[in-house]
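K.L.:
Structure file final23.tsv (TSV, C-alpha atoms) right here:
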```
chain	number	residue	atom	x	y	z
Y	745	MET	CA	116.58	82.28	-77.30
Y	746	THR	CA	115.21	81.93	-80.79
Y	747	GLN	CA	112.75	79.10	-81.28
Y	748	PHE	CA	113.00	77.02	-84.44
Y	749	ASP	CA	110.06	75.15	-85.94
Y	750	PHE	CA	111.23	71.83	-87.37
Y	751	THR	CA	107.74	70.69	-88.36
Y	752	PRO	CA	108.30	71.07	-92.15
Y	753	LEU	CA	111.48	68.99	-91.90
Y	754	PHE	CA	109.85	66.16	-89.95
Y	755	ARG	CA	106.76	66.15	-92.13
Y	756	SER	CA	108.74	64.42	-94.92
Y	757	THR	CA	110.89	62.07	-92.83
Y	758	ILE	CA	110.07	58.67	-91.41
Y	759	GLY	CA	111.82	56.96	-88.54
Y	760	PHE	CA	113.77	59.98	-87.31
Y	761	ASP	CA	111.75	60.43	-84.12
Y	762	ARG	CA	114.84	60.22	-81.92
Y	763	LEU	CA	116.52	62.96	-83.95
Y	764	SER	CA	113.56	65.30	-83.51
Y	765	GLN	CA	113.44	64.65	-79.76
Y	766	LEU	CA	117.18	65.28	-79.49
Y	767	MET	CA	116.95	68.59	-81.35
Y	768	GLU	CA	113.99	69.78	-79.29
Y	769	SER	CA	115.63	68.80	-75.98
Y	770	THR	CA	118.87	70.52	-76.99
Y	771	LEU	CA	117.10	73.79	-77.72
Y	772	SER	CA	115.08	73.76	-74.49
Y	773	HIS	CA	117.77	72.38	-72.13
Y	774	GLU	CA	119.43	74.76	-69.68
Y	775	ASP	CA	123.00	73.67	-68.95
Y	776	SER	CA	124.72	74.66	-65.70
Y	777	GLY	CA	128.20	74.08	-67.11
Y	778	TYR	CA	129.32	72.11	-64.05
Y	779	PRO	CA	131.45	70.11	-64.12
Y	780	PRO	CA	133.38	71.17	-67.21
Y	781	TYR	CA	134.21	68.42	-69.68
Y	782	ASN	CA	135.99	67.62	-72.94
Y	783	ILE	CA	135.02	65.11	-75.60
Y	784	GLU	CA	137.85	63.89	-77.80
Y	785	LYS	CA	138.27	61.36	-80.57
Y	786	THR	CA	141.18	59.07	-79.69
Y	787	GLY	CA	141.00	56.69	-82.67
Y	788	ASN	CA	138.85	55.65	-85.62
Y	789	ASP	CA	136.14	54.21	-83.38
Y	790	THR	CA	137.19	55.34	-79.89
Y	791	TYR	CA	136.33	58.43	-77.88
Y	792	ARG	CA	137.08	59.84	-74.43
Y	793	ILE	CA	135.03	62.11	-72.18
Y	794	THR	CA	137.18	63.91	-69.62
Y	795	MET	CA	135.44	65.67	-66.73
Y	796	ALA	CA	137.04	67.94	-64.12
Y	797	VAL	CA	135.78	66.53	-60.81
Y	798	ALA	CA	138.24	67.96	-58.28
Y	799	GLY	CA	137.42	66.90	-54.73
Y	800	PHE	CA	135.47	63.81	-55.76
Y	801	GLY	CA	136.76	60.30	-55.12
Y	802	ALA	CA	136.06	57.12	-57.03
Y	803	ASP	CA	133.35	56.22	-54.48
Y	804	ASP	CA	131.64	59.59	-54.98
Y	805	VAL	CA	131.09	59.20	-58.74
Y	806	THR	CA	128.63	56.85	-60.44
Y	807	ILE	CA	128.54	56.14	-64.17
Y	808	THR	CA	125.41	54.60	-65.69
Y	809	ALA	CA	125.14	53.53	-69.33
Y	810	GLN	CA	121.71	52.54	-70.59
Y	811	GLU	CA	120.70	52.17	-74.24
Y	812	ASN	CA	121.84	55.41	-75.92
Y	813	ALA	CA	122.40	57.44	-72.77
Y	814	LEU	CA	125.35	57.93	-70.44
Y	815	VAL	CA	124.79	59.52	-67.03
Y	816	VAL	CA	127.70	60.63	-64.86
Y	817	ALA	CA	126.67	61.71	-61.37
Y	818	GLY	CA	128.68	62.81	-58.39
Y	819	LYS	CA	127.77	63.29	-54.76
Y	820	GLN	CA	130.30	63.79	-52.00
Y	821	LYS	CA	129.73	61.92	-48.82
Y	822	ALA	CA	128.98	64.20	-45.88
Y	823	ASN	CA	131.71	64.83	-43.35
Y	824	GLY	CA	130.73	63.78	-39.83
Y	825	ASP	CA	132.51	66.78	-38.32
Y	826	GLY	CA	129.89	69.33	-39.43
Y	827	ASP	CA	131.13	72.67	-38.04
Y	828	ALA	CA	134.70	71.46	-37.43
Y	829	GLN	CA	135.77	72.73	-40.88
Y	830	ARG	CA	135.56	76.46	-41.37
Y	831	TYR	CA	136.67	77.91	-44.64
Y	832	PHE	CA	138.06	81.39	-45.18
Y	833	HIS	CA	137.54	80.82	-48.89
Y	834	ARG	CA	135.96	77.84	-50.63
Y	835	GLY	CA	136.73	77.89	-54.36
Y	836	ILE	CA	136.64	74.15	-55.04
Y	837	ALA	CA	133.08	73.25	-55.89
Y	838	GLY	CA	131.90	70.24	-53.96
Y	839	ARG	CA	128.29	70.34	-55.05
Y	840	SER	CA	126.50	67.34	-56.44
Y	841	PHE	CA	126.17	67.06	-60.19
Y	842	GLU	CA	124.58	64.99	-62.91
Y	843	ARG	CA	125.77	65.22	-66.49
Y	844	ARG	CA	123.90	63.39	-69.29
Y	845	PHE	CA	125.27	62.46	-72.70
Y	846	GLN	CA	123.35	61.07	-75.67
Y	847	LEU	CA	125.32	58.28	-77.34
Y	848	ALA	CA	125.08	57.23	-80.96
Y	849	ASP	CA	124.08	53.70	-81.89
Y	850	PHE	CA	126.61	50.99	-81.01
Y	851	ILE	CA	128.68	53.25	-78.70
Y	852	LYS	CA	129.66	51.34	-75.55
Y	853	VAL	CA	131.51	52.42	-72.42
Y	854	SER	CA	134.79	50.50	-72.38
Y	855	GLY	CA	136.22	51.86	-69.12
Y	856	ALA	CA	136.56	54.71	-66.66
Y	857	ALA	CA	139.40	56.04	-64.51
Y	858	LEU	CA	139.80	58.87	-62.00
Y	859	GLU	CA	143.24	60.45	-62.09
Y	860	ASN	CA	144.48	63.79	-60.70
Y	861	GLY	CA	140.96	65.18	-60.34
Y	862	LEU	CA	139.99	64.23	-63.90
Y	863	LEU	CA	137.46	61.51	-64.68
Y	864	HIS	CA	138.19	59.77	-67.99
Y	865	VAL	CA	135.35	57.75	-69.54
Y	866	GLU	CA	136.47	55.65	-72.51
Y	867	LEU	CA	133.94	54.93	-75.27
Y	868	ALA	CA	134.16	52.64	-78.29
Y	869	ARG	CA	131.96	52.03	-81.31
Y	870	GLU	CA	131.22	48.30	-81.56
Y	871	VAL	CA	129.20	47.61	-84.69
Y	872	PRO	CA	127.81	44.05	-84.79
Y	873	GLU	CA	129.03	41.88	-87.67
Y	874	ALA	CA	125.49	41.68	-89.08
Y	875	MET	CA	125.38	45.48	-89.37
Y	876	LYS	CA	128.80	45.95	-91.00
Y	877	PRO	CA	128.94	46.53	-94.76
Y	878	ARG	CA	129.72	43.43	-96.77
Y	879	THR	CA	130.84	42.93	-100.34
Y	880	ILE	CA	128.62	40.94	-102.67
Y	881	LYS	CA	130.47	38.93	-105.31
Y	882	VAL	CA	129.24	39.58	-108.83
Y	883	GLU	CA	129.25	36.43	-110.94
Y	884	THR	CA	129.82	36.43	-114.67
Y	885	ARG	CA	128.26	34.04	-117.15
Y	886	ALA	CA	129.40	33.19	-120.64
Y	887	PRO	CA	127.36	34.94	-123.33
Y	888	GLY	CA	124.64	32.73	-124.74
Y	889	ALA	CA	124.72	30.31	-121.81
Y	890	THR	CA	121.29	29.10	-120.82
Y	891	VAL	CA	120.22	28.27	-117.38
Y	892	LEU	CA	118.12	25.14	-117.13
Y	893	GLU	CA	115.48	24.89	-114.51
Y	894	SER	CA	114.87	21.56	-112.88
Y	895	LYS	CA	111.26	20.69	-112.23
Y	896	ALA	CA	110.01	18.07	-109.84
Y	897	ALA	CA	108.02	15.33	-111.49
```
Using structure tokens, write down the structure from this file.
P.N.:
Amino acid sequence: MTQFDFTPLFRSTIGFDRLSQLMESTLSHEDSGYPPYNIEKTGNDTYRITMAVAGFGADDVTITAQENALVVAGKQKANGDGDAQRYFHRGIAGRSFERRFQLADFIKVSGAALENGLLHVELAREVPEAMKPRTIKVETRAPGATVLESKAA
């Protein structure tokens, strides 16, 4: 894989440390590809991650959201029978997995559901009122009007 040097870019930027870490981790991260997933935009500020987790139940999957990270992990509980099940062919992967997603600011997990072997994780952007853009009213004054300052005696 080709290595990119982002040093000249970050030399002239301030406060983009998280961006540089994200780019470096993306270039150096080996991805197993399991389980496969889709990310879709379902509305203006809503998203859905859909993961194919055939063979996993709701008790086998854990979803953890912390700051700007989402971790979906799955581990099947061991069968007590041990050698009682013998497969002629085992094509359904039952191995443990952990899939990490970096979330943008103000993205929150709004729900999760397991249906027909697909895990749906619903996400929504919830920008606080203080961070939303606001319109500032521009006042007009009559030409030649003077503003008097009041001074305390």
K.L.:
Find the residues around Y:Asn788 up to 12 Å (all atoms listed in the file counted), leave out those fewer than 5 positions away in its own chain, and share them as a list in words.
P.N.:
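Near Y:Asn788, the qualifying residues are Leu867, Ala868, Arg869 and Glu870 of chain Y.
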K.L.:
Would you save the residues from that selection as an mmCIF file, keeping the file's coordinate frame, using C-alpha atoms?
P.N.:
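The resulting again_1.cif:
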```cif
data_model
loop_
_atom_site.group_PDB
_atom_site.id
_atom_site.type_symbol
_atom_site.label_atom_id
_atom_site.label_comp_id
_atom_site.auth_asym_id
_atom_site.auth_seq_id
_atom_site.Cartn_x
_atom_site.Cartn_y
_atom_site.Cartn_z
ATOM 1 C CA LEU Y 867 133.940 54.930 -75.270
ATOM 2 C CA ALA Y 868 134.160 52.640 -78.290
ATOM 3 C CA ARG Y 869 131.960 52.030 -81.310
ATOM 4 C CA GLU Y 870 131.220 48.300 -81.560
#
```
K.L.:
Closest to Y:Lys821 among Y:His864, Y:Thr806, Y:Gly801, Y:His833, using only C-alpha atoms?
P.N.:
Y:Gly801
K.L.:
Between Y:Glu811, Y:Glu859, Y:Glu866, Y:Glu873, which is the closest to Y:Gln846 once you count only C-alpha atoms?
P.N.:
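Looking at the shortest contact to Y:Gln846, the residue is Y:Glu811.
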K.L.:
Give me, please, the distance in Å between atom CA of Y:Pro872 and atom CA of Y:Val816, quoted to one decimal.
P.N.:
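Value for the atom CA of Y:Pro872-atom CA of Y:Val816 distance: 25.9 Å.
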K.L.:
As a compact mmCIF listing (two decimals) with C-alpha atoms, keeping the file's coordinate frame, please: the residues near Y:Ala857 (cut-off 12 Å, only C-alpha atoms, same-chain neighbours under 3 positions excluded).
P.N.:
```
# COMPACT_ATOMS: atom_id res chain seq x y z
CA ARG Y 792 137.08 59.84 -74.43
CA ILE Y 793 135.03 62.11 -72.18
CA THR Y 794 137.18 63.91 -69.62
CA MET Y 795 135.44 65.67 -66.73
CA VAL Y 797 135.78 66.53 -60.81
CA GLY Y 801 136.76 60.30 -55.12
CA ALA Y 802 136.06 57.12 -57.03
CA ASP Y 803 133.35 56.22 -54.48
CA VAL Y 805 131.09 59.20 -58.74
CA THR Y 806 128.63 56.85 -60.44
CA ILE Y 807 128.54 56.14 -64.17
CA VAL Y 853 131.51 52.42 -72.42
CA SER Y 854 134.79 50.50 -72.38
CA ASN Y 860 144.48 63.79 -60.70
CA GLY Y 861 140.96 65.18 -60.34
CA LEU Y 862 139.99 64.23 -63.90
CA LEU Y 863 137.46 61.51 -64.68
CA HIS Y 864 138.19 59.77 -67.99
CA VAL Y 865 135.35 57.75 -69.54
CA GLU Y 866 136.47 55.65 -72.51
```
K.L.:
Could you pull the residues within 6 Å of stretch 835-845 of chain Y, counting only C-alpha atoms, minus those fewer than 4 positions along the same chain, as a ChimeraX atom specification?
P.N.:
/Y:813-819
K.L.:
What is the distance, in Å and to one decimal place, between atom CA of Y:Lys881 and atom CA of Y:Asp849?
P.N.:
28.4 Å
K.L.:
Rank Y:Ile880, Y:Gln820, Y:Thr790, Y:Tyr778 by their smallest atom-to-atom distance to Y:Asp804, using all atoms listed in the file, and report the top residue only.
P.N.:
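Selected residue with least distance to Y:Asp804: Y:Gln820.
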K.L.:
What is the atom CA of Y:Tyr781 to atom CA of Y:Ala796 distance in Å?
P.N.:
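Those two atoms sit 6.3 Å apart.
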K.L.:
Write out as JSON an axis-aligned box for stretch 832-845 of chain Y: all of its atoms listed in the file, 6 Å added on each side, centre and edge lengths in Å with one decimal.
P.N.:
```
{"center_x": 131.0, "center_y": 71.9, "center_z": -58.9, "size_x": 26.2, "size_y": 30.9, "size_z": 39.5}
```
K.L.:
Of the candidates Y:Asn812, Y:Gln829, Y:Ala874, Y:Thr879, which shows the shortest atom-to-atom distance to Y:Lys852, using only C-alpha atoms?
P.N.:
Y:Asn812
K.L.:
Between Y:Val882, Y:Tyr791, Y:Pro887, Y:Ala798, which one has atoms that come closest to Y:Gly855, using only C-alpha atoms?
P.N.:
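Nearest to Y:Gly855: Y:Tyr791.
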K.L.:
How would stretch 851-865 of chain Y look with N, CA and C atoms restored, written as a PDB file, keeping the file's coordinate frame?
P.N.:
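Dumped everything to rebuild37.pdb:
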```pdb
ATOM      1  N   ILE Y 851     127.618  52.698 -79.548  1.00  0.00           N
ATOM      2  CA  ILE Y 851     128.680  53.250 -78.700  1.00  0.00           C
ATOM      3  C   ILE Y 851     128.546  52.607 -77.327  1.00  0.00           C
ATOM      4  N   LYS Y 852     129.631  52.013 -76.853  1.00  0.00           N
ATOM      5  CA  LYS Y 852     129.660  51.340 -75.550  1.00  0.00           C
ATOM      6  C   LYS Y 852     130.738  51.954 -74.683  1.00  0.00           C
ATOM      7  N   VAL Y 853     130.505  51.949 -73.369  1.00  0.00           N
ATOM      8  CA  VAL Y 853     131.510  52.420 -72.420  1.00  0.00           C
ATOM      9  C   VAL Y 853     132.504  51.279 -72.221  1.00  0.00           C
ATOM     10  N   SER Y 854     133.781  51.553 -72.493  1.00  0.00           N
ATOM     11  CA  SER Y 854     134.790  50.500 -72.380  1.00  0.00           C
ATOM     12  C   SER Y 854     135.610  50.612 -71.103  1.00  0.00           C
ATOM     13  N   GLY Y 855     135.488  51.731 -70.377  1.00  0.00           N
ATOM     14  CA  GLY Y 855     136.220  51.860 -69.120  1.00  0.00           C
ATOM     15  C   GLY Y 855     136.130  53.262 -68.571  1.00  0.00           C
ATOM     16  N   ALA Y 856     136.553  53.403 -67.306  1.00  0.00           N
ATOM     17  CA  ALA Y 856     136.560  54.710 -66.660  1.00  0.00           C
ATOM     18  C   ALA Y 856     137.687  54.732 -65.632  1.00  0.00           C
ATOM     19  N   ALA Y 857     138.318  55.903 -65.479  1.00  0.00           N
ATOM     20  CA  ALA Y 857     139.400  56.040 -64.510  1.00  0.00           C
ATOM     21  C   ALA Y 857     139.382  57.460 -63.953  1.00  0.00           C
ATOM     22  N   LEU Y 858     139.708  57.579 -62.666  1.00  0.00           N
ATOM     23  CA  LEU Y 858     139.800  58.870 -62.000  1.00  0.00           C
ATOM     24  C   LEU Y 858     141.261  59.109 -61.681  1.00  0.00           C
ATOM     25  N   GLU Y 859     141.821  60.192 -62.240  1.00  0.00           N
ATOM     26  CA  GLU Y 859     143.240  60.450 -62.090  1.00  0.00           C
ATOM     27  C   GLU Y 859     143.486  61.957 -61.994  1.00  0.00           C
ATOM     28  N   ASN Y 860     144.126  62.382 -60.909  1.00  0.00           N
ATOM     29  CA  ASN Y 860     144.480  63.790 -60.700  1.00  0.00           C
ATOM     30  C   ASN Y 860     143.281  64.733 -60.820  1.00  0.00           C
ATOM     31  N   GLY Y 861     142.147  64.332 -60.304  1.00  0.00           N
ATOM     32  CA  GLY Y 861     140.960  65.180 -60.340  1.00  0.00           C
ATOM     33  C   GLY Y 861     140.214  65.174 -61.659  1.00  0.00           C
ATOM     34  N   LEU Y 862     140.648  64.338 -62.597  1.00  0.00           N
ATOM     35  CA  LEU Y 862     139.990  64.230 -63.900  1.00  0.00           C
ATOM     36  C   LEU Y 862     139.406  62.835 -64.052  1.00  0.00           C
ATOM     37  N   LEU Y 863     138.139  62.779 -64.423  1.00  0.00           N
ATOM     38  CA  LEU Y 863     137.460  61.510 -64.680  1.00  0.00           C
ATOM     39  C   LEU Y 863     137.499  61.263 -66.177  1.00  0.00           C
ATOM     40  N   HIS Y 864     138.096  60.142 -66.583  1.00  0.00           N
ATOM     41  CA  HIS Y 864     138.190  59.770 -67.990  1.00  0.00           C
ATOM     42  C   HIS Y 864     137.230  58.613 -68.241  1.00  0.00           C
ATOM     43  N   VAL Y 865     136.286  58.805 -69.153  1.00  0.00           N
ATOM     44  CA  VAL Y 865     135.350  57.750 -69.540  1.00  0.00           C
ATOM     45  C   VAL Y 865     135.675  57.388 -70.984  1.00  0.00           C
TER      46      VAL Y 865
END
```
